[in-house]
Amino acid sequence: MTSFWAVLSATLVKDIRLEWRSKDALNSMLFFSLLVVVIFVFSFDPLAEESRHIVGGLVWVAFLFAAVVALNQTWARELRNQVLDAYRVSPAPANALFLAKSVGNFLFVSVLEALMTPLFIVFYNLHVLGPAWQLIPIALLGTWALVVNGTFFAAMSLRTRNREIMLPLLLFPISIPAILGMVAGTTAVLTGENSAHFYIVLLLTYDVVFTTASLALFGTILHAE
Amino acid sequence: MSASASGPAGASTITVRNVIKQFGRFAALRGVSAEFDPGRFHAILGDNGAGKTTLLRGLAGLAQPTQGTISIFGKSPRDACRDIGYMAHPSLLYDEMSGMENLRYFAGLYGLKSHARCEEAIRAVGLDPELTRGVGQYSQGMRQRMSLARAILHDPRLLLLDEPFSNVDVHSAREMVGLLRGMRDAGKTVFVVTHQALLLEGAADEFVWMQAGQIVDRTATAERGRAQ
């Protein structure tokens with residue numbers, strides 16, 4: 001068996017290189033989430049106090065929809081020229097491909113979040129009242145929850161005719177517990193009214209369960225005809 | 001109909017037994033049985049829809065038979081993947097990366113770390129490893145050659161090539177045939193799906209004729225092709 005970590009790192013480097021050259025995923029995510037921020041600002045125009053209660057939802061909805069744009073791209077480049085078949089006939093472990101794709105998507109969505117979060121802070125005049133450090137585990141665990149499921153379901157919908165539609169149809173319902181954890185956790189930290197501890201544990205549990213399930217099932221998805 | 005070449009069955013052969021492959025209600029392969037000797041050059045011929053590509057994908061482990069078994073040197077195609085080099089009709093390469101970058105990535109999937117091996121494969125198909133432009137900017141013929149380089153990269157015992165000469169000029173196609181003949185002489189087993197039977201005359205050891213999902217004939221020359 002070819003080394004798991006060698007294949008993972010080679011695939012990750014390849015994906016970053018392809019994204020750096022094409023910027024397909026990053027550009028579309030950035031423009032999309034920028035549009036969402038602007039539309040929300042014009043729609044709500046909230047005061048600082050109100051914004052603390054709603055911005056958790058707005059931020060994660062924006063990132064969720066933007067992530068779907070990127071997730072649709074992640075397997076599309078493997079379908080061009082049927083490159084995925086070259087992987088399928090190789091001895092490389094299927095899980096290494098899945099983890100590399102997930103980590104790659106995690107990095108791309110994290111870059112988006114890093115660029116967009118200051119905009120949300122400025123537009124919504126945000127001041128964090130709770131322990132701000134808790135936003136870091138919420139962001140990391142929440143982003144991983146989105147990308148690990150998204151990468152898995154994007155692969156699952158690869159061979160369907162309307163895969164751009166199929167991905168959100170599969171991903172959103174199953175992501176509801178994670179989205180609730182992200183939104184409620186972020187709101188708890190921003191308002192300082194509740195502890196976000198429960199939501200961090202919820203996200204961690206969700207990540208462990210769905211990462212394990214995805215790793216267990218991905219080989220079947222990859223080699224399905 | 002079944003067909004069988006001479007030679008002992010077993011771990012050294014490629015065996016297809018009663019293979020049926022259905023896509024929904026359409027049967028692409030209808031009970032194909034055949035045994036292929038190793039170290040030979042087999043050309044698979046037939047009209048469009050005859051089942052050539054499906055048979056090749058079955059040998060590569062990309063298409064699971066609905067019924068029947070395929071054995072590659074005594075193993076299932078998935079277990080024998082290190083022994084198989086597969087070239088499909090599409091290039092199976094990333095357009096945005098250079099030939100060398102592509103091959104380095106695919107070498108990693110086989111646990112090969114030597115860049116020299118990638119250069120060797122690229123030179124073997126008559127291309128320059130120093131080419132820096134993306135494969136997407138190559139001519140169709142160059143892409144085909146690079147795709148062949150990817151297939152031979154890990155020095156497989158069995159080469160499965162689907163239409164390797166399509167869109168390739170005659171001179172380049174003859175060079176590719178020469179390369180494949182050399183690989184056969186070195187003990188590799190070569191399968192080529194093609195519509196250009198005459199190109200392989202004198203190079204291929206056997207011409208396998210397919211029609212409507214079955215092997216209907218196996219000849220030593222492309223004579224049957226001329227008759228049609």
# chains A, B, ... in the order shown; residues from 1 in each chain; ligands from 1
>>> closest_atom_pairs(of="chain A", to="chain B", cutoff="8 Å", atoms="only C-alpha atoms", output="Markdown table")
| residue | atom | partner | partner_atom | distance |
| --- | --- | --- | --- | --- |
| A:Thr2 | CA | B:Gly111 | CA | 5.2 |
| A:Ser3 | CA | B:Gly111 | CA | 6.8 |
| A:Ala6 | CA | B:Gly108 | CA | 7.1 |
| A:Val7 | CA | B:Leu109 | CA | 5.8 |
| A:Ala10 | CA | B:Tyr105 | CA | 6.4 |
| A:Thr11 | CA | B:Tyr105 | CA | 7.4 |
| A:Lys14 | CA | B:Tyr105 | CA | 7.3 |
| A:Leu18 | CA | B:Glu96 | CA | 6.6 |
| A:Arg21 | CA | B:Glu96 | CA | 7.3 |
| A:Ser22 | CA | B:Glu96 | CA | 7.8 |
| A:Arg77 | CA | B:Tyr94 | CA | 7.8 |
| A:Arg80 | CA | B:Tyr94 | CA | 7.8 |
| A:Asn81 | CA | B:Leu92 | CA | 5.0 |
| A:Gln82 | CA | B:Leu92 | CA | 5.3 |
| A:Val83 | CA | B:Leu92 | CA | 4.1 |
| A:Leu84 | CA | B:Leu92 | CA | 7.4 |
| A:Asp85 | CA | B:Leu92 | CA | 7.0 |
| A:Ala86 | CA | B:Leu92 | CA | 6.0 |
| A:Tyr87 | CA | B:Leu109 | CA | 7.5 |
| A:Arg88 | CA | B:Leu62 | CA | 7.2 |
| A:Val89 | CA | B:Cys81 | CA | 5.9 |
| A:Ser90 | CA | B:Cys81 | CA | 5.9 |
| A:Pro91 | CA | B:Cys81 | CA | 6.1 |
| A:Ala92 | CA | B:Leu109 | CA | 5.1 |
| A:His223 | CA | B:Leu62 | CA | 7.5 |
| A:Glu225 | CA | B:Ala63 | CA | 6.8 |
>>> residues_around(residues="Ala149 in chain B", least_positions_apart="3", cutoff="7 Å", atoms="only C-alpha atoms", output="list in words")
Ala121, Ile122, Val125, Arg145, Met146, Ile152 and Leu153 of chain B
>>> write_last_selection(atoms="C-alpha atoms", output="short mmCIF file (atom, residue, chain, number, x, y, z; two decimals), in the first residue's frame")
data_model
loop_
_atom_site.label_atom_id
_atom_site.label_comp_id
_atom_site.auth_asym_id
_atom_site.auth_seq_id
_atom_site.Cartn_x
_atom_site.Cartn_y
_atom_site.Cartn_z
CA ALA B 121 8.81 8.12 -18.97
CA ILE B 122 8.40 11.51 -20.66
CA VAL B 125 7.22 8.94 -25.39
CA ARG B 145 1.85 10.88 -25.53
CA MET B 146 1.90 12.40 -22.06
CA ILE B 152 3.96 3.51 -18.19
CA LEU B 153 5.34 5.57 -15.29
#
>>> closest_residue(among="B:Glu35, B:Ala28, B:Gly182, B:Ala222", to="Gly49 in chain B", atoms="only C-alpha atoms")
B:Ala28
>>> atom_distance(atom1="CA of Val201 in chain A", atom2="CA of Val103 in chain A")
21.0 Å
>>> atom_distance(atom1="CA of Gly51 in chain B", atom2="CA of Gly213 in chain B")
4.7 Å
>>> residues_around(residues="Val208 in chain B", least_positions_apart="5", cutoff="9 Å", atoms="only C-alpha atoms", output="list in words")
His42, Ala43, Ile44, Leu45, Gly46, Ile215, Val216, Asp217, Arg218, Thr219 and Ala220 of chain B
>>> select_by_dssp(residues="range 22-140 of chain B", states="alpha helix (DSSP H)", output="number ranges by chain")
B: 52-60, 99-109, 115-124, 140
>>> write_last_selection(atoms="C-alpha atoms", output="PDB file, in the first residue's frame")
ATOM      1  CA  LYS B  52     -14.070  -2.783 -26.425  1.00  0.00           C
ATOM      2  CA  THR B  53     -13.745   0.068 -23.947  1.00  0.00           C
ATOM      3  CA  THR B  54     -15.963  -1.686 -21.394  1.00  0.00           C
ATOM      4  CA  LEU B  55     -13.761  -4.786 -21.597  1.00  0.00           C
ATOM      5  CA  LEU B  56     -10.663  -2.634 -21.123  1.00  0.00           C
ATOM      6  CA  ARG B  57     -12.222  -0.811 -18.162  1.00  0.00           C
ATOM      7  CA  GLY B  58     -13.145  -4.188 -16.702  1.00  0.00           C
ATOM      8  CA  LEU B  59      -9.535  -5.334 -17.013  1.00  0.00           C
ATOM      9  CA  ALA B  60      -8.413  -2.086 -15.351  1.00  0.00           C
ATOM     10  CA  GLY B  99       3.641  17.208 -17.877  1.00  0.00           C
ATOM     11  CA  MET B 100       6.390  16.832 -15.293  1.00  0.00           C
ATOM     12  CA  GLU B 101       4.170  18.151 -12.472  1.00  0.00           C
ATOM     13  CA  ASN B 102       1.439  15.726 -13.504  1.00  0.00           C
ATOM     14  CA  LEU B 103       3.804  12.782 -13.570  1.00  0.00           C
ATOM     15  CA  ARG B 104       5.374  13.682 -10.224  1.00  0.00           C
ATOM     16  CA  TYR B 105       1.921  13.673  -8.674  1.00  0.00           C
ATOM     17  CA  PHE B 106       0.937  10.341 -10.203  1.00  0.00           C
ATOM     18  CA  ALA B 107       4.327   8.850  -9.297  1.00  0.00           C
ATOM     19  CA  GLY B 108       3.505   9.723  -5.691  1.00  0.00           C
ATOM     20  CA  LEU B 109       0.313   7.659  -5.914  1.00  0.00           C
ATOM     21  CA  HIS B 115      12.065  12.337 -10.498  1.00  0.00           C
ATOM     22  CA  ALA B 116      14.393  10.501 -12.853  1.00  0.00           C
ATOM     23  CA  ARG B 117      11.671   7.914 -13.456  1.00  0.00           C
ATOM     24  CA  CYS B 118       9.233  10.697 -14.502  1.00  0.00           C
ATOM     25  CA  GLU B 119      11.812  12.176 -16.870  1.00  0.00           C
ATOM     26  CA  GLU B 120      12.518   8.743 -18.278  1.00  0.00           C
ATOM     27  CA  ALA B 121       8.809   8.122 -18.972  1.00  0.00           C
ATOM     28  CA  ILE B 122       8.402  11.510 -20.657  1.00  0.00           C
ATOM     29  CA  ARG B 123      11.497  10.973 -22.805  1.00  0.00           C
ATOM     30  CA  ALA B 124      10.301   7.463 -23.697  1.00  0.00           C
ATOM     31  CA  GLN B 140      -3.834  16.647 -28.878  1.00  0.00           C
TER      32      GLN B 140
END
>>> residues_around(residues="Val59 in chain A", least_positions_apart="6", cutoff="10 Å", atoms="only C-alpha atoms", output="list of chain:residue names")
A:Ser33, A:Val36, A:Val37, A:Phe40, A:Glu113, A:Met116, A:Thr117, A:Phe120, A:Met182, A:Val183, A:Thr186
>>> write_last_selection(atoms="C-alpha atoms", output="PDB file, in the first residue's frame")
ATOM      1  CA  SER A  33     -19.905  36.142   0.296  1.00  0.00           C
ATOM      2  CA  VAL A  36     -24.213  38.368   0.776  1.00  0.00           C
ATOM      3  CA  VAL A  37     -22.638  40.815   3.251  1.00  0.00           C
ATOM      4  CA  PHE A  40     -27.607  41.812   4.356  1.00  0.00           C
ATOM      5  CA  GLU A 113     -13.395  33.555   6.638  1.00  0.00           C
ATOM      6  CA  MET A 116     -14.604  38.323   5.324  1.00  0.00           C
ATOM      7  CA  THR A 117     -14.720  38.478   9.127  1.00  0.00           C
ATOM      8  CA  PHE A 120     -18.629  41.739   9.054  1.00  0.00           C
ATOM      9  CA  MET A 182     -22.024  27.447  15.004  1.00  0.00           C
ATOM     10  CA  VAL A 183     -24.779  30.069  15.056  1.00  0.00           C
ATOM     11  CA  THR A 186     -21.162  32.556  17.914  1.00  0.00           C
TER      12      THR A 186
END
>>> select_by_dssp(residues="range 5-163 of chain B", states="strand (DSSP E)", output="number ranges by chain")
B: 14-23, 26-36, 41-46, 67-72, 84-87, 158-162
>>> write_last_selection(atoms="N, CA and C atoms", output="short mmCIF file (atom, residue, chain, number, x, y, z; two decimals), in the first residue's frame")
data_model
loop_
_atom_site.label_atom_id
_atom_site.label_comp_id
_atom_site.auth_asym_id
_atom_site.auth_seq_id
_atom_site.Cartn_x
_atom_site.Cartn_y
_atom_site.Cartn_z
N ILE B 14 -4.07 -13.57 -18.16
CA ILE B 14 -5.19 -12.66 -17.94
C ILE B 14 -6.43 -13.41 -18.39
N THR B 15 -7.33 -13.62 -17.45
CA THR B 15 -8.48 -14.48 -17.73
C THR B 15 -9.79 -13.72 -17.53
N VAL B 16 -10.65 -13.85 -18.50
CA VAL B 16 -11.99 -13.25 -18.42
C VAL B 16 -12.98 -14.41 -18.52
N ARG B 17 -13.83 -14.58 -17.51
CA ARG B 17 -14.75 -15.73 -17.50
C ARG B 17 -16.20 -15.28 -17.45
N ASN B 18 -16.91 -15.60 -18.50
CA ASN B 18 -18.37 -15.35 -18.58
C ASN B 18 -18.76 -13.95 -18.10
N VAL B 19 -18.05 -12.96 -18.54
CA VAL B 19 -18.29 -11.61 -18.03
C VAL B 19 -19.46 -10.95 -18.76
N ILE B 20 -20.42 -10.55 -17.95
CA ILE B 20 -21.54 -9.75 -18.44
C ILE B 20 -21.45 -8.40 -17.74
N LYS B 21 -21.57 -7.34 -18.52
CA LYS B 21 -21.59 -6.01 -17.92
C LYS B 21 -22.81 -5.27 -18.45
N GLN B 22 -23.69 -4.94 -17.51
CA GLN B 22 -24.92 -4.24 -17.90
C GLN B 22 -24.92 -2.82 -17.37
N PHE B 23 -25.38 -1.91 -18.21
CA PHE B 23 -25.64 -0.53 -17.79
C PHE B 23 -27.15 -0.35 -17.89
N PHE B 26 -29.07 -2.14 -20.78
CA PHE B 26 -28.17 -2.38 -21.92
C PHE B 26 -26.98 -3.23 -21.48
N ALA B 27 -26.76 -4.30 -22.19
CA ALA B 27 -25.61 -5.17 -21.88
C ALA B 27 -24.45 -4.79 -22.79
N ALA B 28 -23.41 -4.19 -22.20
CA ALA B 28 -22.24 -3.80 -22.99
C ALA B 28 -21.35 -5.02 -23.27
N LEU B 29 -21.29 -5.94 -22.32
CA LEU B 29 -20.56 -7.21 -22.52
C LEU B 29 -21.55 -8.35 -22.28
N ARG B 30 -21.55 -9.32 -23.17
CA ARG B 30 -22.55 -10.40 -23.09
C ARG B 30 -21.87 -11.75 -23.00
N GLY B 31 -21.39 -12.08 -21.83
CA GLY B 31 -20.79 -13.38 -21.61
C GLY B 31 -19.45 -13.56 -22.29
N VAL B 32 -18.55 -12.61 -22.06
CA VAL B 32 -17.22 -12.68 -22.67
C VAL B 32 -16.34 -13.64 -21.86
N SER B 33 -15.75 -14.59 -22.54
CA SER B 33 -14.77 -15.49 -21.92
C SER B 33 -13.54 -15.53 -22.80
N ALA B 34 -12.40 -15.33 -22.20
CA ALA B 34 -11.16 -15.37 -22.99
C ALA B 34 -9.98 -15.51 -22.05
N GLU B 35 -8.91 -16.02 -22.59
CA GLU B 35 -7.66 -16.13 -21.83
C GLU B 35 -6.57 -15.51 -22.70
N PHE B 36 -5.79 -14.63 -22.10
CA PHE B 36 -4.76 -13.94 -22.87
C PHE B 36 -3.40 -14.26 -22.28
N PHE B 41 1.14 -8.77 -27.43
CA PHE B 41 0.54 -7.50 -27.84
C PHE B 41 -0.83 -7.83 -28.45
N HIS B 42 -1.89 -7.48 -27.74
CA HIS B 42 -3.25 -7.79 -28.20
C HIS B 42 -3.92 -6.51 -28.68
N ALA B 43 -4.42 -6.54 -29.90
CA ALA B 43 -5.19 -5.41 -30.42
C ALA B 43 -6.67 -5.78 -30.34
N ILE B 44 -7.46 -4.91 -29.72
CA ILE B 44 -8.90 -5.17 -29.61
C ILE B 44 -9.62 -4.28 -30.62
N LEU B 45 -10.33 -4.91 -31.51
CA LEU B 45 -10.96 -4.19 -32.61
C LEU B 45 -12.46 -4.42 -32.61
N GLY B 46 -13.16 -3.56 -33.30
CA GLY B 46 -14.62 -3.71 -33.41
C GLY B 46 -15.27 -2.37 -33.66
N GLN B 67 -21.72 -9.83 -13.87
CA GLN B 67 -21.63 -11.27 -13.64
C GLN B 67 -20.29 -11.73 -14.23
N GLY B 68 -19.72 -12.78 -13.67
CA GLY B 68 -18.46 -13.31 -14.19
C GLY B 68 -17.26 -12.75 -13.45
N THR B 69 -16.08 -13.23 -13.81
CA THR B 69 -14.86 -12.80 -13.11
C THR B 69 -13.76 -12.41 -14.10
N ILE B 70 -12.91 -11.52 -13.61
CA ILE B 70 -11.72 -11.13 -14.37
C ILE B 70 -10.51 -11.36 -13.47
N SER B 71 -9.52 -12.02 -14.00
CA SER B 71 -8.32 -12.29 -13.21
C SER B 71 -7.09 -11.76 -13.96
N ILE B 72 -6.32 -10.95 -13.27
CA ILE B 72 -5.10 -10.39 -13.84
C ILE B 72 -3.92 -11.02 -13.10
N ILE B 84 -0.87 -2.76 -13.39
CA ILE B 84 -1.67 -2.27 -14.52
C ILE B 84 -1.35 -0.80 -14.83
N GLY B 85 -1.12 -0.53 -16.10
CA GLY B 85 -1.01 0.85 -16.57
C GLY B 85 -2.18 1.11 -17.49
N TYR B 86 -2.95 2.15 -17.21
CA TYR B 86 -4.20 2.37 -17.95
C TYR B 86 -4.18 3.74 -18.62
N MET B 87 -4.46 3.74 -19.89
CA MET B 87 -4.58 5.00 -20.64
C MET B 87 -5.97 5.04 -21.25
N LEU B 158 1.24 -4.94 -17.24
CA LEU B 158 0.11 -4.97 -18.17
C LEU B 158 -0.27 -3.55 -18.55
N LEU B 159 -0.30 -3.29 -19.85
CA LEU B 159 -0.67 -1.96 -20.34
C LEU B 159 -2.02 -2.03 -21.04
N LEU B 160 -2.94 -1.20 -20.61
CA LEU B 160 -4.27 -1.16 -21.21
C LEU B 160 -4.47 0.21 -21.84
N LEU B 161 -4.54 0.26 -23.14
CA LEU B 161 -4.57 1.55 -23.83
C LEU B 161 -5.83 1.66 -24.69
N ASP B 162 -6.59 2.71 -24.40
CA ASP B 162 -7.84 2.93 -25.14
C ASP B 162 -7.64 4.03 -26.18
#
>>> atom_distance(atom1="CA of Gly181 in chain A", atom2="CA of Ile200 in chain A")
7.2 Å
>>> residues_around(residues="Phe218 in chain A", least_positions_apart="6", cutoff="8 Å", atoms="only C-alpha atoms", output="JSON, numbers by chain")
{"A": [94, 95, 98, 152]}
>>> residues_around(residues="Gly39 in chain B", least_positions_apart="4", cutoff="9 Å", atoms="only C-alpha atoms", output="PDB file with N, CA and C atoms, in the first residue's frame")
ATOM      1  N   ARG B 157       3.280  -4.359 -15.610  1.00  0.00           N
ATOM      2  CA  ARG B 157       3.427  -5.580 -16.415  1.00  0.00           C
ATOM      3  C   ARG B 157       2.355  -5.638 -17.497  1.00  0.00           C
ATOM      4  N   LEU B 158       1.240  -4.941 -17.241  1.00  0.00           N
ATOM      5  CA  LEU B 158       0.113  -4.973 -18.174  1.00  0.00           C
ATOM      6  C   LEU B 158      -0.267  -3.547 -18.555  1.00  0.00           C
ATOM      7  N   MET B 183       8.027  -2.510 -25.530  1.00  0.00           N
ATOM      8  CA  MET B 183       7.564  -2.916 -24.201  1.00  0.00           C
ATOM      9  C   MET B 183       7.135  -4.380 -24.224  1.00  0.00           C
ATOM     10  N   ARG B 184       6.455  -4.765 -25.301  1.00  0.00           N
ATOM     11  CA  ARG B 184       6.088  -6.182 -25.454  1.00  0.00           C
ATOM     12  C   ARG B 184       7.358  -7.047 -25.476  1.00  0.00           C
ATOM     13  N   ASP B 185       8.372  -6.612 -26.210  1.00  0.00           N
ATOM     14  CA  ASP B 185       9.623  -7.370 -26.283  1.00  0.00           C
ATOM     15  C   ASP B 185      10.297  -7.475 -24.915  1.00  0.00           C
ATOM     16  N   ALA B 186      10.021  -6.475 -24.076  1.00  0.00           N
ATOM     17  CA  ALA B 186      10.600  -6.492 -22.719  1.00  0.00           C
ATOM     18  C   ALA B 186       9.758  -7.337 -21.766  1.00  0.00           C
ATOM     19  N   GLY B 187       8.728  -8.006 -22.301  1.00  0.00           N
ATOM     20  CA  GLY B 187       7.937  -8.928 -21.473  1.00  0.00           C
ATOM     21  C   GLY B 187       6.618  -8.384 -20.971  1.00  0.00           C
ATOM     22  N   LYS B 188       6.284  -7.140 -21.350  1.00  0.00           N
ATOM     23  CA  LYS B 188       5.003  -6.573 -20.900  1.00  0.00           C
ATOM     24  C   LYS B 188       3.867  -7.130 -21.765  1.00  0.00           C
ATOM     25  N   THR B 189       2.690  -7.155 -21.163  1.00  0.00           N
ATOM     26  CA  THR B 189       1.492  -7.527 -21.919  1.00  0.00           C
ATOM     27  C   THR B 189       0.794  -6.242 -22.317  1.00  0.00           C
ATOM     28  N   VAL B 190       0.446  -6.121 -23.579  1.00  0.00           N
ATOM     29  CA  VAL B 190      -0.129  -4.859 -24.070  1.00  0.00           C
ATOM     30  C   VAL B 190      -1.500  -5.126 -24.697  1.00  0.00           C
TER      31      VAL B 190
END
>>> residues_around(residues="Ser175 in chain A", least_positions_apart="6", cutoff="8 Å", atoms="only C-alpha atoms", output="list in words")
Ala145, Leu146 and Asn149 of chain A
>>> write_last_selection(atoms="N, CA and C atoms", output="short mmCIF file (atom, residue, chain, number, x, y, z; two decimals), in the first residue's frame")
data_model
loop_
_atom_site.label_atom_id
_atom_site.label_comp_id
_atom_site.auth_asym_id
_atom_site.auth_seq_id
_atom_site.Cartn_x
_atom_site.Cartn_y
_atom_site.Cartn_z
N ALA A 145 -16.71 21.00 10.07
CA ALA A 145 -18.01 20.31 9.92
C ALA A 145 -18.58 20.55 8.51
N LEU A 146 -18.48 21.80 8.05
CA LEU A 146 -19.01 22.12 6.72
C LEU A 146 -18.23 21.40 5.62
N ASN A 149 -18.33 17.23 5.56
CA ASN A 149 -19.58 16.73 4.98
C ASN A 149 -19.71 17.16 3.53
#
